[in-house]
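Student: I have a structure here, written as structure tokens, and I will follow up with some questions on it.
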Amino acid sequence: MKSFNKTLLAVAVALASSQTMASGFQLNSQSATGIGRAFAGDAVIADNAAVLSRNPAAMAMFDKDAISGGLTYADITVDVKDVNFANGLVDLGSIDDAGSSKLIPNLYYIHPINNKFAVGFAAFSNFGTGTDASSLSKGKPAAPFDLLGETEVTTVNFNTSISYRINDMFSIGAGIDAVYGEGRLTRDAGTRPLVDVDADGWAFGGILGATLELDQNNRFGVSYRFSPTVNVKGDINTITTADLSALGLGANTALATSFDSLDVPLADIFQFAGFHQLTPKFAVHYTAQHTSWGAFDQITAKEGTATIIPGQTGAGASFAVGDAALKKYEWKDSWLFSVGGTYTINDKFTVRAGYMHDQGVVDQISSISFPDSDRNWFTAGMSYHINANNTVDFGMAYIKGQEVNLIENSALTGNVNATTESSGMYYSLQYSYQF
């Protein structure tokens, strides 16, 4: 059933395509302070409780309770241009609004138990997506309907962590992540839905971290996040064709298939960060982060039932469908590198800025619904210290991707050519309080 699996690749896009402006479908939106400095040094700066999203060991640097919460608005622009197939004879045109905007919340709490132990709780997101390219195929008699449509994916990470201070220089930490994921995908051929997916599920991962404080002005942090494979369940339905001649049926028999669930592997994340207070007012900081997208090898559909639809030979007959690799990926591991600076104007205002280079993950297989590329981030932010315990932070980022010329294979039309380009703005607001 080779053609059956090829057409079902659209389901894989449901939990793999992304316009969240980071490598793969990874998010960088966990705090306003982080966005303002391009997340440079975020695993060790520990200026508010949001450090919990990057390194649990950094909780050891808090001597009183701290809470932070905020919202990030991601305004994404995706251009999909010159979409054509049949060697350029059929041109579907272009759209400049394939990306969708998102409002992304976060919340963190750190509680020092004594001078050795601290615990923390957090809710934030590491992965997500939102695209809609359906207008390219709407009303068209022929189009790569299996590649163009609406995709919406959200993950939420609920974290519980603990840290331990070994001595004045070394601290370690560990945490458990409960990851909730949900996805919505539609792929329509006129009035007939080829793919209709609405599914959600839970999985568990974890994080380990450590900090090294050479002195009050120089410190380093390292962490490794173990991301799980999320099994999502719900309505997972497709209509496709398959060669069932071996069963005495037609070579192009239409099937309606319902799967029980999908397995979606998420990428592990390693990061190293440094912070250096060069003068009483000015500090520099940096991060190197590695994300193991090479482990994201395929989306697997689990245990389905296929039914021959009316109008086909053997209509109404049903049979079991085993696990199927709906789409294989040739992604590569990626690095991001960021550098930033923080300047304290006075006891009321602190400003920061940063630059990040984020590598794309797509290697040999590209996707119209996944216009991935290397990206450059240019960021700035400010803190207003209401008093010693209350702070309001604002961060913003401009993200610019590269133009990509790609070819993607459709089971309906053959090779499809397109040019994609993405950019975006992040706006983030955060409130922090120390008890």
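Chains: A, B, ... in order of the structure tokens. Residues: from 1 per chain. Ligands: from 1, in order shown.
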As a list in words, list the residues of segment 213-369 of chain A assigned to helix (DSSP H, G or I) by DSSP on the backbone atoms of this structure.
Tutor: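 Reading the DSSP output for segment 213-369 of chain A, helix (DSSP H, G or I) covers Ser245, Ala246, Leu247, Trp293, Gly294 and Ala295 of chain A.
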Student: Okay, now the selection with C-alpha atoms, as a PDB file, in the first residue's frame?
Tutor:
ATOM      1  CA  SER A 245      -5.801  -5.794  -6.451  1.00  0.00           C
ATOM      2  CA  ALA A 246      -4.252  -8.548  -4.338  1.00  0.00           C
ATOM      3  CA  LEU A 247      -7.602  -8.788  -2.540  1.00  0.00           C
ATOM      4  CA  TRP A 293      15.772  17.006  15.637  1.00  0.00           C
ATOM      5  CA  GLY A 294      17.512  14.059  13.969  1.00  0.00           C
ATOM      6  CA  ALA A 295      15.512  11.860  16.369  1.00  0.00           C
TER       7      ALA A 295
END
Student: Determine which residues of segment 121-213 of chain A DSSP labels as strand (DSSP E or B) from the backbone of this structure, then write them out as a PyMOL selection string.
Tutor: chain A and resi 121-124+127-132+150-165+170-189+192-213
Student: Please list as a list of chain:residue names every residue within 10 Å of Phe121 of chain A, counting only C-alpha atoms and excluding residues in the same chain fewer than 4 positions away.
Tutor: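 In the requested format, the answer is A:Ala49, A:Leu52, A:Ser53, A:Pro56, A:Ile67, A:Leu107, A:Tyr108, A:Tyr109, A:Ile110, A:His111, A:Phe158, A:Asn159, A:Thr160, A:Ser161, A:Ile162, A:Gly175, A:Ile176.
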Student: Generate the output file for the selected residues, N, CA and C atoms, as an mmCIF file, in the first residue's frame.
Tutor:
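Output contents, as saved in part-v2.cif:
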data_model
loop_
_atom_site.group_PDB
_atom_site.id
_atom_site.type_symbol
_atom_site.label_atom_id
_atom_site.label_comp_id
_atom_site.auth_asym_id
_atom_site.auth_seq_id
_atom_site.Cartn_x
_atom_site.Cartn_y
_atom_site.Cartn_z
ATOM 1 N N ALA A 49 11.881 34.096 38.243
ATOM 2 C CA ALA A 49 11.551 32.669 38.344
ATOM 3 C C ALA A 49 11.471 31.960 37.008
ATOM 4 N N LEU A 52 13.371 28.768 35.551
ATOM 5 C CA LEU A 52 12.938 27.386 35.726
ATOM 6 C C LEU A 52 12.673 26.682 34.395
ATOM 7 N N SER A 53 12.346 27.431 33.347
ATOM 8 C CA SER A 53 12.096 26.822 32.048
ATOM 9 C C SER A 53 13.373 26.354 31.376
ATOM 10 N N PRO A 56 16.794 23.892 36.114
ATOM 11 C CA PRO A 56 16.292 23.786 37.487
ATOM 12 C C PRO A 56 17.365 24.047 38.531
ATOM 13 N N ILE A 67 7.887 34.509 42.022
ATOM 14 C CA ILE A 67 6.868 34.113 41.062
ATOM 15 C C ILE A 67 6.968 35.031 39.848
ATOM 16 N N LEU A 107 3.929 30.665 33.408
ATOM 17 C CA LEU A 107 3.811 30.903 34.844
ATOM 18 C C LEU A 107 4.874 30.082 35.575
ATOM 19 N N TYR A 108 5.571 30.716 36.554
ATOM 20 C CA TYR A 108 6.664 30.059 37.276
ATOM 21 C C TYR A 108 6.608 30.425 38.761
ATOM 22 N N TYR A 109 6.985 29.453 39.605
ATOM 23 C CA TYR A 109 7.058 29.698 41.046
ATOM 24 C C TYR A 109 8.235 28.915 41.613
ATOM 25 N N ILE A 110 9.069 29.606 42.410
ATOM 26 C CA ILE A 110 10.239 28.996 43.050
ATOM 27 C C ILE A 110 10.129 29.200 44.559
ATOM 28 N N HIS A 111 10.355 28.122 45.305
ATOM 29 C CA HIS A 111 10.273 28.175 46.776
ATOM 30 C C HIS A 111 11.541 27.579 47.381
ATOM 31 N N PHE A 158 4.037 21.119 31.912
ATOM 32 C CA PHE A 158 3.831 21.327 33.345
ATOM 33 C C PHE A 158 5.023 20.704 34.067
ATOM 34 N N ASN A 159 5.830 21.551 34.711
ATOM 35 C CA ASN A 159 7.111 21.102 35.271
ATOM 36 C C ASN A 159 7.128 21.209 36.790
ATOM 37 N N THR A 160 7.699 20.184 37.423
ATOM 38 C CA THR A 160 8.000 20.206 38.848
ATOM 39 C C THR A 160 9.472 19.891 39.017
ATOM 40 N N SER A 161 10.219 20.769 39.709
ATOM 41 C CA SER A 161 11.669 20.614 39.798
ATOM 42 C C SER A 161 12.161 20.798 41.219
ATOM 43 N N ILE A 162 13.388 20.304 41.454
ATOM 44 C CA ILE A 162 14.063 20.476 42.737
ATOM 45 C C ILE A 162 15.528 20.789 42.458
ATOM 46 N N GLY A 175 14.094 17.839 37.161
ATOM 47 C CA GLY A 175 12.666 18.083 37.095
ATOM 48 C C GLY A 175 11.937 17.060 36.259
ATOM 49 N N ILE A 176 10.641 16.975 36.461
ATOM 50 C CA ILE A 176 9.757 16.103 35.689
ATOM 51 C C ILE A 176 8.821 16.983 34.871
#
Student: When you look at segment 335-340 of chain A with a cut-off of 7 Å (counting only C-alpha atoms), what residues show up, excluding the ones that are within fewer than 5 positions of it in the same chain? I need them as a PyMOL selection string.
Tutor: chain A and resi 37-40+284-291+353-359
Student: Give me a file of those residues, with N, CA and C atoms, as a compact mmCIF listing (two decimals), in the first residue's frame.
Tutor:
# COMPACT_ATOMS: atom_id res chain seq x y z
N ARG A 37 16.67 39.52 25.58
CA ARG A 37 18.10 39.28 25.43
C ARG A 37 18.39 38.10 24.50
N ALA A 38 17.41 37.72 23.66
CA ALA A 38 17.55 36.59 22.72
C ALA A 38 17.89 35.30 23.46
N PHE A 39 17.41 35.17 24.69
CA PHE A 39 17.63 34.01 25.55
C PHE A 39 19.10 33.74 25.80
N ALA A 40 19.94 34.75 25.60
CA ALA A 40 21.36 34.63 25.90
C ALA A 40 21.57 34.58 27.41
N VAL A 284 27.42 40.94 30.10
CA VAL A 284 27.26 40.21 28.84
C VAL A 284 26.90 38.78 29.17
N HIS A 285 26.19 38.13 28.24
CA HIS A 285 25.76 36.76 28.46
C HIS A 285 25.55 36.08 27.11
N TYR A 286 25.54 34.75 27.11
CA TYR A 286 25.51 34.01 25.85
C TYR A 286 24.96 32.61 26.09
N THR A 287 24.48 32.00 25.01
CA THR A 287 23.92 30.65 25.06
C THR A 287 24.28 29.90 23.79
N ALA A 288 24.59 28.62 23.94
CA ALA A 288 24.68 27.68 22.82
C ALA A 288 23.70 26.55 23.12
N GLN A 289 22.78 26.30 22.19
CA GLN A 289 21.73 25.29 22.41
C GLN A 289 21.69 24.31 21.26
N HIS A 290 21.65 23.03 21.58
CA HIS A 290 21.58 21.95 20.58
C HIS A 290 20.26 21.22 20.75
N THR A 291 19.52 21.08 19.65
CA THR A 291 18.23 20.38 19.65
C THR A 291 18.33 19.17 18.74
N ALA A 353 19.46 43.77 25.27
CA ALA A 353 19.34 43.52 23.84
C ALA A 353 20.09 42.25 23.52
N GLY A 354 19.76 41.64 22.36
CA GLY A 354 20.42 40.40 22.00
C GLY A 354 20.31 40.08 20.53
N TYR A 355 21.12 39.12 20.13
CA TYR A 355 21.09 38.59 18.76
C TYR A 355 21.19 37.08 18.83
N MET A 356 20.38 36.40 18.01
CA MET A 356 20.41 34.93 17.94
C MET A 356 20.45 34.48 16.50
N HIS A 357 21.26 33.46 16.24
CA HIS A 357 21.22 32.75 14.96
C HIS A 357 20.73 31.34 15.22
N ASP A 358 19.64 30.98 14.57
CA ASP A 358 18.95 29.71 14.79
C ASP A 358 18.98 28.90 13.50
N GLN A 359 19.59 27.74 13.54
CA GLN A 359 19.71 26.91 12.35
C GLN A 359 18.41 26.19 12.03
Student: Can you pull out every residue within 12 Å of Gly139 of chain A, counting only C-alpha atoms, but drop anything in the same chain fewer than 3 positions away, and send it as an MDAnalysis selection string?
Tutor: chainID A and resid 92 134:136 142:143 145 188:191
Student: Can those selected residues be exported to a file as a PDB file, in the first residue's frame so that it contains C-alpha atoms?
Tutor:
ATOM      1  CA  LEU A  92      -1.774  28.027  -8.024  1.00  0.00           C
ATOM      2  CA  SER A 134      -5.876  26.088   2.118  1.00  0.00           C
ATOM      3  CA  SER A 135      -6.650  29.180   0.040  1.00  0.00           C
ATOM      4  CA  LEU A 136      -4.108  28.046  -2.569  1.00  0.00           C
ATOM      5  CA  ALA A 142      -6.884  19.952  -9.526  1.00  0.00           C
ATOM      6  CA  ALA A 143      -4.347  20.726  -6.814  1.00  0.00           C
ATOM      7  CA  PHE A 145      -4.867  18.851  -1.802  1.00  0.00           C
ATOM      8  CA  ASP A 188      -9.899  19.093   1.803  1.00  0.00           C
ATOM      9  CA  ALA A 189     -10.379  18.262  -1.875  1.00  0.00           C
ATOM     10  CA  GLY A 190     -13.334  20.490  -2.700  1.00  0.00           C
ATOM     11  CA  THR A 191     -16.153  19.401  -0.392  1.00  0.00           C
TER      12      THR A 191
END
Student: Could you name the residues that touch Gly322 of chain A at 12 Å or less, counting only C-alpha atoms, but leaving out those on the same chain fewer than 4 positions away, as a list in words?
Tutor: Met1, Asn5, Thr257, Ser258, Phe259, Asp260, Ser261, Thr300, Ala301, Lys302, Glu303, Gly304, Thr305, Ala306 and Leu326 of chain A
Student: For Thr313 of chain A, find every residue with an atom within 9 Å (counting only C-alpha atoms), except residues of its own chain fewer than 5 positions away, and show them as JSON, numbers by chain.
Tutor: {"A": [249, 250, 253, 308]}
Student: Calculate how many Å separate atom CA of Tyr433 of chain A from atom CA of Ser68 of chain A, rounding to one decimal.
Tutor: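 These atoms are spaced 6.5 Å apart.
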Student: To one decimal place, how far is atom CA of Ala267 of chain A from atom CA of Phe394 of chain A in Å?
Tutor: 28.9 Å
Student: Atom CA of Val362 of chain A and atom CA of Ala242 of chain A, how far apart in Å?
Tutor: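 Result for atom CA of Ala242 of chain A versus atom CA of Val362 of chain A: 28.7 Å, one decimal.
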